[in-house]
Amino acid sequence: MWTVRVDRSQCIGSAMCVGVARDRFKLDADDRSVPVTSPIEPDERVRDAAANCPMEAIELRDATTGELIDPYA
């Protein structure tokens, strides 16, 4: 399982993550990205969304160990 977190202070609301993984991210009332749910089963689309975030605002971690998941791996 992965935890998904979006740093709202870094997010610019580009919605690239929504375009890549529409069922995993949405924009809130402030046009900032939020995960639809967390934790999630590992999902390569979420990894792609994190890798393509222009502000590197998406953080993925192993839900058990807390280890950072490298979106570029």
# chains A, B, ... in the order shown; residues from 1 in each chain; ligands from 1
$ residues_around --residues "Glu56 (chain A)" --least-positions-apart "6" --cutoff "10 Å" --atoms "only C-alpha atoms" --output "ChimeraX atom specification"
/A:6-7,10-11,49-50,71
$ write_last_selection --atoms "all heavy atoms" --output "short mmCIF file (atom, residue, chain, number, x, y, z; two decimals), in the first residue's frame"
data_model
loop_
_atom_site.label_atom_id
_atom_site.label_comp_id
_atom_site.auth_asym_id
_atom_site.auth_seq_id
_atom_site.Cartn_x
_atom_site.Cartn_y
_atom_site.Cartn_z
N VAL A 6 -0.31 15.43 -1.28
CA VAL A 6 0.00 16.56 -2.15
C VAL A 6 0.32 17.76 -1.26
O VAL A 6 -0.48 18.12 -0.39
CB VAL A 6 -1.19 16.90 -3.09
CG1 VAL A 6 -0.86 18.12 -3.93
CG2 VAL A 6 -1.53 15.71 -3.98
N ASP A 7 1.47 18.34 -1.45
CA ASP A 7 1.88 19.53 -0.70
C ASP A 7 1.15 20.73 -1.30
O ASP A 7 1.50 21.23 -2.37
CB ASP A 7 3.39 19.71 -0.79
CG ASP A 7 3.91 20.88 0.02
OD1 ASP A 7 3.12 21.80 0.36
OD2 ASP A 7 5.11 20.89 0.31
N GLN A 10 2.95 23.78 -2.49
CA GLN A 10 3.71 23.66 -3.73
C GLN A 10 2.81 23.52 -4.96
O GLN A 10 3.20 23.91 -6.06
CB GLN A 10 4.64 22.44 -3.66
CG GLN A 10 5.73 22.57 -2.64
CD GLN A 10 6.71 23.66 -3.00
OE1 GLN A 10 7.06 23.84 -4.15
NE2 GLN A 10 7.14 24.42 -2.01
N CYS A 11 1.63 22.95 -4.79
CA CYS A 11 0.72 22.67 -5.91
C CYS A 11 0.27 23.99 -6.56
O CYS A 11 -0.15 24.92 -5.87
CB CYS A 11 -0.49 21.88 -5.42
SG CYS A 11 -1.70 21.52 -6.72
N ALA A 49 1.94 10.32 -12.38
CA ALA A 49 1.43 11.63 -12.01
C ALA A 49 2.45 12.37 -11.13
O ALA A 49 2.70 13.56 -11.32
CB ALA A 49 0.10 11.50 -11.29
N ALA A 50 3.04 11.66 -10.18
CA ALA A 50 4.05 12.26 -9.30
C ALA A 50 5.27 12.69 -10.11
O ALA A 50 5.81 13.77 -9.91
CB ALA A 50 4.44 11.30 -8.19
N PRO A 71 9.26 8.32 -7.70
CA PRO A 71 8.40 8.29 -8.88
C PRO A 71 9.17 8.07 -10.18
O PRO A 71 8.58 7.73 -11.19
CB PRO A 71 7.74 9.68 -8.88
CG PRO A 71 8.66 10.54 -8.11
CD PRO A 71 9.32 9.63 -7.09
#
$ select_by_dssp --residues "chain A" --states "helix (DSSP H, G or I)" --output "list in words"
Met16, Cys17, Val18, Gly19, Val20, Glu44, Arg45, Val46, Arg47, Asp48, Ala49, Ala50, Ala51 and Asn52 of chain A
$ residues_around --residues "region 34-43 of chain A" --least-positions-apart "4" --cutoff "6 Å" --atoms "only C-alpha atoms" --output "PyMOL selection string"
chain A and resi 1-4+24-26
$ closest_residue --among "A:Glu67, A:Val18, A:Asp48, A:Gly13" --to "Asp31 (chain A)" --atoms "only C-alpha atoms"
A:Gly13
$ select_by_dssp --residues "chain A" --states "strand (DSSP E or B)" --output "NGL selection string"
:A and (2-6 or 25-27 or 33-35 or 40 or 58-62 or 68)
$ closest_residue --among "A:Leu27, A:Val46, A:Leu60, A:Met55" --to "Ile12 (chain A)" --atoms "only C-alpha atoms"
A:Met55
$ residues_around --residues "Val20 (chain A)" --least-positions-apart "3" --cutoff "7 Å" --atoms "only C-alpha atoms" --output "PyMOL selection string"
chain A and resi 16-17+45+49
$ closest_residue --among "A:Ile69, A:Ala29, A:Cys53, A:Ala63" --to "Ser14 (chain A)" --atoms "only C-alpha atoms"
A:Cys53
$ atom_distance --atom1 "CA of Ala15 (chain A)" --atom2 "CA of Arg47 (chain A)"
14.8 Å
